[in-house]
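Only one structure is covered here, and it is reproduced in the block below.
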Amino acid sequence: MGRYVAYGLRLESPIPLPALTPITGAPDVVVRPASLTCAPAAEGGRPAVEPCAEGLRLTWQGVATFEIRDGRDVAFCRAPEASDARVAALLVGPVLAVVLHQRGQLVLHASAVSRSAAAVAFLGEAGAGKSTLAGFLCARGFRVVADDFIGLSEQAPVLTPAFPALKLWPPAVTAVARLAPRIPLHEATDKAIVGMGAAFRPRSVRLRRLYVLAAGAAAAVEPMAAGEQVAALMRHSYGAGALHGHRPGAHFSRCADVVRQIPVSRLVVPRTMDALPDVARLVLDDALAA
């Protein structure tokens, strides 16, 4: 049974979690095997999502079912053919995101990096380049705070560090090759877990800007109207339908509160690695130069 830390929480898990930092002390979240009823998974590789007693049940067909309760208890039942790596990828991804949501955080699809005493976060759909941009910046003096998702509390806009790794596709791994070591994420993907080492920020940091990534011909930072900013945060909230669909008014209010505290802009990123230096300069000039 291993114990690890991520997003300020101590996790106890029988599944090895190689992306996370080992730690001692009493766990905040316990991951445990259990006999669970598995629902049919949704199409397109998406999980089946169902309410369960005091929590939420997520099922990935052929991999595992998880029941997450009270932000503290994670019961799981794995398929016989599922590897530790497949289950671990779900635990430190969508399952942990639900844990943070159940603990009252607004969870956004984003990667975040810091420089000095300020952080910026990049929001976007899967494949938008959040992790690639974070990795490029960290190979050039920034430090990673979180990958894939961030959690925002109702208090000050402060980010708690996730874990010292990024999940990157092969072209992005090449672009940030100095960040090593790396191991395969799992056998069903070409993504790799890239260890960040000293390029990880282990302490909380104030979030200064949120950027919504958009594809375009030339790198640019563009303003967004207040309504656009709120809509973007709602759209990029983790599990927007499953976690917030029953309380859309509360979700809107929470996103509006964030917009009042943190500027949100559109960051246009060309779909080429050659444009990343220009994007990095824009981020520095716009958010972190002061």
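Naming scheme: A, B, ... for chains in displayed order of the structure tokens; residues 1 onward per chain; ligands 1 onward as shown.
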Please extract the residues of region 99-133 of chain A with a backbone DSSP assignment of alpha helix (DSSP H) and present them as number ranges by chain. A: 99-102, 130-133
Need to verify the contact set: Thr132 (chain A), 8 Å, only C-alpha atoms, exclusion of same-chain residues closer than 3 positions in sequence. Can you return it as a VMD selection string? chain A and resid 129 135 to 136 168 172
Cut-off 9 Å: closest region 78-149 of chain A/region 21-41 of chain A atom pairs per residue, using only C-alpha atoms, as a Markdown table:
```
| residue | atom | partner | partner_atom | distance |
| --- | --- | --- | --- | --- |
| A:Arg78 | CA | A:Pro33 | CA | 8.2 |
| A:Leu91 | CA | A:Val31 | CA | 8.8 |
| A:Val99 | CA | A:Val29 | CA | 8.4 |
```
Let's have the selection written as an mmCIF file, in the first residue's frame, with N, CA and C atoms.
```cif
data_model
loop_
_atom_site.group_PDB
_atom_site.id
_atom_site.type_symbol
_atom_site.label_atom_id
_atom_site.label_comp_id
_atom_site.auth_asym_id
_atom_site.auth_seq_id
_atom_site.Cartn_x
_atom_site.Cartn_y
_atom_site.Cartn_z
ATOM 1 N N ARG A 78 -11.503 -3.594 -10.722
ATOM 2 C CA ARG A 78 -10.810 -3.554 -12.007
ATOM 3 C C ARG A 78 -11.148 -4.774 -12.838
ATOM 4 N N LEU A 91 -7.028 6.975 -11.938
ATOM 5 C CA LEU A 91 -7.013 7.462 -10.554
ATOM 6 C C LEU A 91 -6.471 8.881 -10.451
ATOM 7 N N VAL A 99 -12.797 13.782 -6.822
ATOM 8 C CA VAL A 99 -12.467 13.970 -5.402
ATOM 9 C C VAL A 99 -12.381 15.458 -5.072
#
```
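The gap separating CA of Cys138 (chain A) from CA of Pro164 (chain A) is 11.3 Å, in Å to one decimal.
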Would you work out the distance separating CA of Gln155 (chain A) from CA of Ser116 (chain A), expressed in Å to one decimal? 21.5 Å
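Of the residues listed (A:Val259, A:Leu267, A:Val144, A:Val230), A:Val144 shows the shortest atom-to-atom separation from Arg203 (chain A); distances use only C-alpha atoms.
CA of Leu137 (chain A) is found 13.4 Å from CA of Asp274 (chain A).
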Among region 49-140 of chain A, which residues does DSSP mark as strand (DSSP E) when it is run on the backbone? Keep the chain and numbering as in the structure and answer as a PyMOL selection string. chain A and resi 49-52+55-60+64-69+73-78+106-115+118-123
Output the selection as a short mmCIF file (atom, residue, chain, number, x, y, z; two decimals), in the first residue's frame - N, CA and C atoms for each residue.
```cif
data_model
loop_
_atom_site.label_atom_id
_atom_site.label_comp_id
_atom_site.auth_asym_id
_atom_site.auth_seq_id
_atom_site.Cartn_x
_atom_site.Cartn_y
_atom_site.Cartn_z
N VAL A 49 -21.42 7.30 -16.22
CA VAL A 49 -21.45 8.10 -15.00
C VAL A 49 -22.82 7.93 -14.35
N GLU A 50 -22.83 7.50 -13.10
CA GLU A 50 -24.07 7.28 -12.37
C GLU A 50 -23.92 7.79 -10.94
N PRO A 51 -25.01 8.29 -10.36
CA PRO A 51 -24.95 8.58 -8.93
C PRO A 51 -24.96 7.28 -8.13
N CYS A 52 -24.30 7.29 -7.00
CA CYS A 52 -24.37 6.18 -6.06
C CYS A 52 -24.52 6.78 -4.67
N GLY A 55 -22.31 9.67 -3.48
CA GLY A 55 -21.18 9.89 -4.37
C GLY A 55 -21.50 9.67 -5.83
N LEU A 56 -20.48 9.26 -6.57
CA LEU A 56 -20.58 9.10 -8.02
C LEU A 56 -19.85 7.83 -8.44
N ARG A 57 -20.45 7.12 -9.41
CA ARG A 57 -19.83 5.90 -9.94
C ARG A 57 -19.39 6.16 -11.38
N LEU A 58 -18.15 5.84 -11.68
CA LEU A 58 -17.59 5.97 -13.03
C LEU A 58 -17.13 4.61 -13.50
N THR A 59 -17.51 4.23 -14.73
CA THR A 59 -17.11 2.94 -15.29
C THR A 59 -16.47 3.12 -16.65
N TRP A 60 -15.26 2.58 -16.80
CA TRP A 60 -14.60 2.49 -18.10
C TRP A 60 -14.58 1.02 -18.49
N ALA A 64 -12.01 -0.43 -15.40
CA ALA A 64 -12.35 -0.39 -13.98
C ALA A 64 -13.62 0.41 -13.74
N THR A 65 -14.23 0.15 -12.60
CA THR A 65 -15.32 0.96 -12.06
C THR A 65 -14.86 1.57 -10.74
N PHE A 66 -15.20 2.83 -10.55
CA PHE A 66 -14.83 3.55 -9.33
C PHE A 66 -16.09 4.13 -8.70
N GLU A 67 -16.18 4.06 -7.39
CA GLU A 67 -17.20 4.78 -6.64
C GLU A 67 -16.49 5.76 -5.71
N ILE A 68 -16.77 7.05 -5.90
CA ILE A 68 -16.09 8.12 -5.18
C ILE A 68 -17.09 8.77 -4.24
N ARG A 69 -16.78 8.77 -2.96
CA ARG A 69 -17.72 9.28 -1.95
C ARG A 69 -17.06 10.30 -1.04
N ASP A 73 -13.28 8.67 0.03
CA ASP A 73 -13.27 7.22 -0.16
C ASP A 73 -13.42 6.90 -1.64
N VAL A 74 -12.48 6.12 -2.18
CA VAL A 74 -12.52 5.69 -3.58
C VAL A 74 -12.47 4.17 -3.60
N ALA A 75 -13.61 3.54 -3.86
CA ALA A 75 -13.67 2.09 -4.02
C ALA A 75 -13.57 1.77 -5.51
N PHE A 76 -12.87 0.68 -5.85
CA PHE A 76 -12.73 0.35 -7.27
C PHE A 76 -12.76 -1.15 -7.48
N CYS A 77 -13.20 -1.53 -8.67
CA CYS A 77 -13.20 -2.92 -9.12
C CYS A 77 -12.61 -2.91 -10.53
N ARG A 78 -11.50 -3.59 -10.72
CA ARG A 78 -10.81 -3.55 -12.01
C ARG A 78 -11.15 -4.77 -12.84
N LEU A 106 -13.76 24.13 -7.64
CA LEU A 106 -14.12 24.23 -9.05
C LEU A 106 -12.95 23.65 -9.84
N VAL A 107 -13.20 22.55 -10.53
CA VAL A 107 -12.14 21.84 -11.24
C VAL A 107 -12.22 22.19 -12.72
N LEU A 108 -11.13 22.71 -13.26
CA LEU A 108 -11.08 23.16 -14.65
C LEU A 108 -10.08 22.33 -15.45
N HIS A 109 -10.44 22.03 -16.71
CA HIS A 109 -9.52 21.37 -17.63
C HIS A 109 -8.40 22.37 -17.95
N ALA A 110 -7.26 22.23 -17.32
CA ALA A 110 -6.19 23.22 -17.51
C ALA A 110 -4.86 22.66 -17.04
N SER A 111 -3.80 23.18 -17.64
CA SER A 111 -2.45 23.00 -17.12
C SER A 111 -1.99 24.35 -16.61
N ALA A 112 -1.13 24.35 -15.59
CA ALA A 112 -0.69 25.61 -14.99
C ALA A 112 0.81 25.59 -14.76
N VAL A 113 1.44 26.75 -14.96
CA VAL A 113 2.87 26.92 -14.72
C VAL A 113 3.07 28.20 -13.93
N SER A 114 4.24 28.31 -13.28
CA SER A 114 4.52 29.50 -12.48
C SER A 114 5.90 30.04 -12.82
N ARG A 115 6.06 31.31 -12.50
CA ARG A 115 7.36 31.97 -12.60
C ARG A 115 7.38 33.01 -11.50
N ALA A 118 3.96 34.00 -9.26
CA ALA A 118 2.68 34.07 -9.96
C ALA A 118 2.54 32.89 -10.91
N ALA A 119 1.29 32.48 -11.13
CA ALA A 119 1.00 31.35 -12.01
C ALA A 119 0.01 31.77 -13.08
N VAL A 120 0.07 31.07 -14.20
CA VAL A 120 -0.94 31.20 -15.25
C VAL A 120 -1.43 29.80 -15.58
N ALA A 121 -2.67 29.72 -16.05
CA ALA A 121 -3.24 28.43 -16.40
C ALA A 121 -3.80 28.49 -17.81
N PHE A 122 -3.70 27.37 -18.52
CA PHE A 122 -4.13 27.27 -19.91
C PHE A 122 -5.30 26.30 -19.98
N LEU A 123 -6.48 26.81 -20.36
CA LEU A 123 -7.68 26.01 -20.48
C LEU A 123 -7.87 25.56 -21.92
#
```
Any idea what's packed within 12 Å of Ser153 (chain A), counting only C-alpha atoms, ignoring anything in its chain fewer than 2 positions away? Could you give it as an MDAnalysis selection string? chainID A and resid 7 100:108 150:151 155:160 206:207 254:255 257:258
Selection export as a JSON list (two decimals), in the first residue's frame, atoms kept: C-alpha atoms:
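What follows is the written file selection.json:
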```
[["chain", "number", "residue", "atom", "x", "y", "z"],
["A", 7, "TYR", "CA", -3.24, 18.71, -4.90],
["A", 100, "LEU", "CA", -11.54, 17.66, -5.65],
["A", 101, "HIS", "CA", -15.06, 18.54, -6.83],
["A", 102, "GLN", "CA", -16.59, 16.70, -3.89],
["A", 103, "ARG", "CA", -14.30, 18.71, -1.61],
["A", 104, "GLY", "CA", -15.82, 21.93, -2.90],
["A", 105, "GLN", "CA", -13.33, 22.96, -5.56],
["A", 106, "LEU", "CA", -14.12, 24.23, -9.05],
["A", 107, "VAL", "CA", -12.14, 21.84, -11.24],
["A", 108, "LEU", "CA", -11.08, 23.16, -14.65],
["A", 150, "ILE", "CA", -6.60, 22.56, -11.66],
["A", 151, "GLY", "CA", -8.77, 23.03, -8.59],
["A", 155, "GLN", "CA", -11.25, 31.62, -1.21],
["A", 156, "ALA", "CA", -8.29, 33.44, -2.75],
["A", 157, "PRO", "CA", -7.25, 32.39, -6.29],
["A", 158, "VAL", "CA", -4.39, 30.19, -5.13],
["A", 159, "LEU", "CA", -3.27, 26.97, -6.86],
["A", 160, "THR", "CA", -2.16, 23.96, -4.85],
["A", 206, "ARG", "CA", -1.28, 32.79, -6.67],
["A", 207, "LEU", "CA", -3.06, 32.40, -10.01],
["A", 254, "ARG", "CA", -19.04, 30.02, -9.16],
["A", 255, "CYS", "CA", -17.51, 30.69, -12.57],
["A", 257, "ASP", "CA", -16.88, 34.68, -9.05],
["A", 258, "VAL", "CA", -13.64, 33.39, -10.56]]
```
Distance query Pro18 (chain A) at most 10 Å, only C-alpha atoms, self and fewer than 4 positions along chain excluded, as a PyMOL selection string: chain A and resi 4+22+85+88-89+92+165+183+185+193+195
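Among the candidates A:Ala6, A:Ser204, A:Lys167, A:Ser253, the residue lying nearest to Ala192 (chain A) is A:Lys167 (atoms considered: only C-alpha atoms).
Minimum atom-to-atom distance to Ala82 (chain A), evaluated using only C-alpha atoms, belongs to A:Gln61 out of A:Thr189, A:Ser131, A:Gln61, A:Gln261.
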Spatial neighbours of Leu282 (chain A), max dist 10 Å, only C-alpha atoms, sep filter under 4 positions, as a VMD selection string: chain A and resid 219 to 221 267 276 to 278 286 to 289
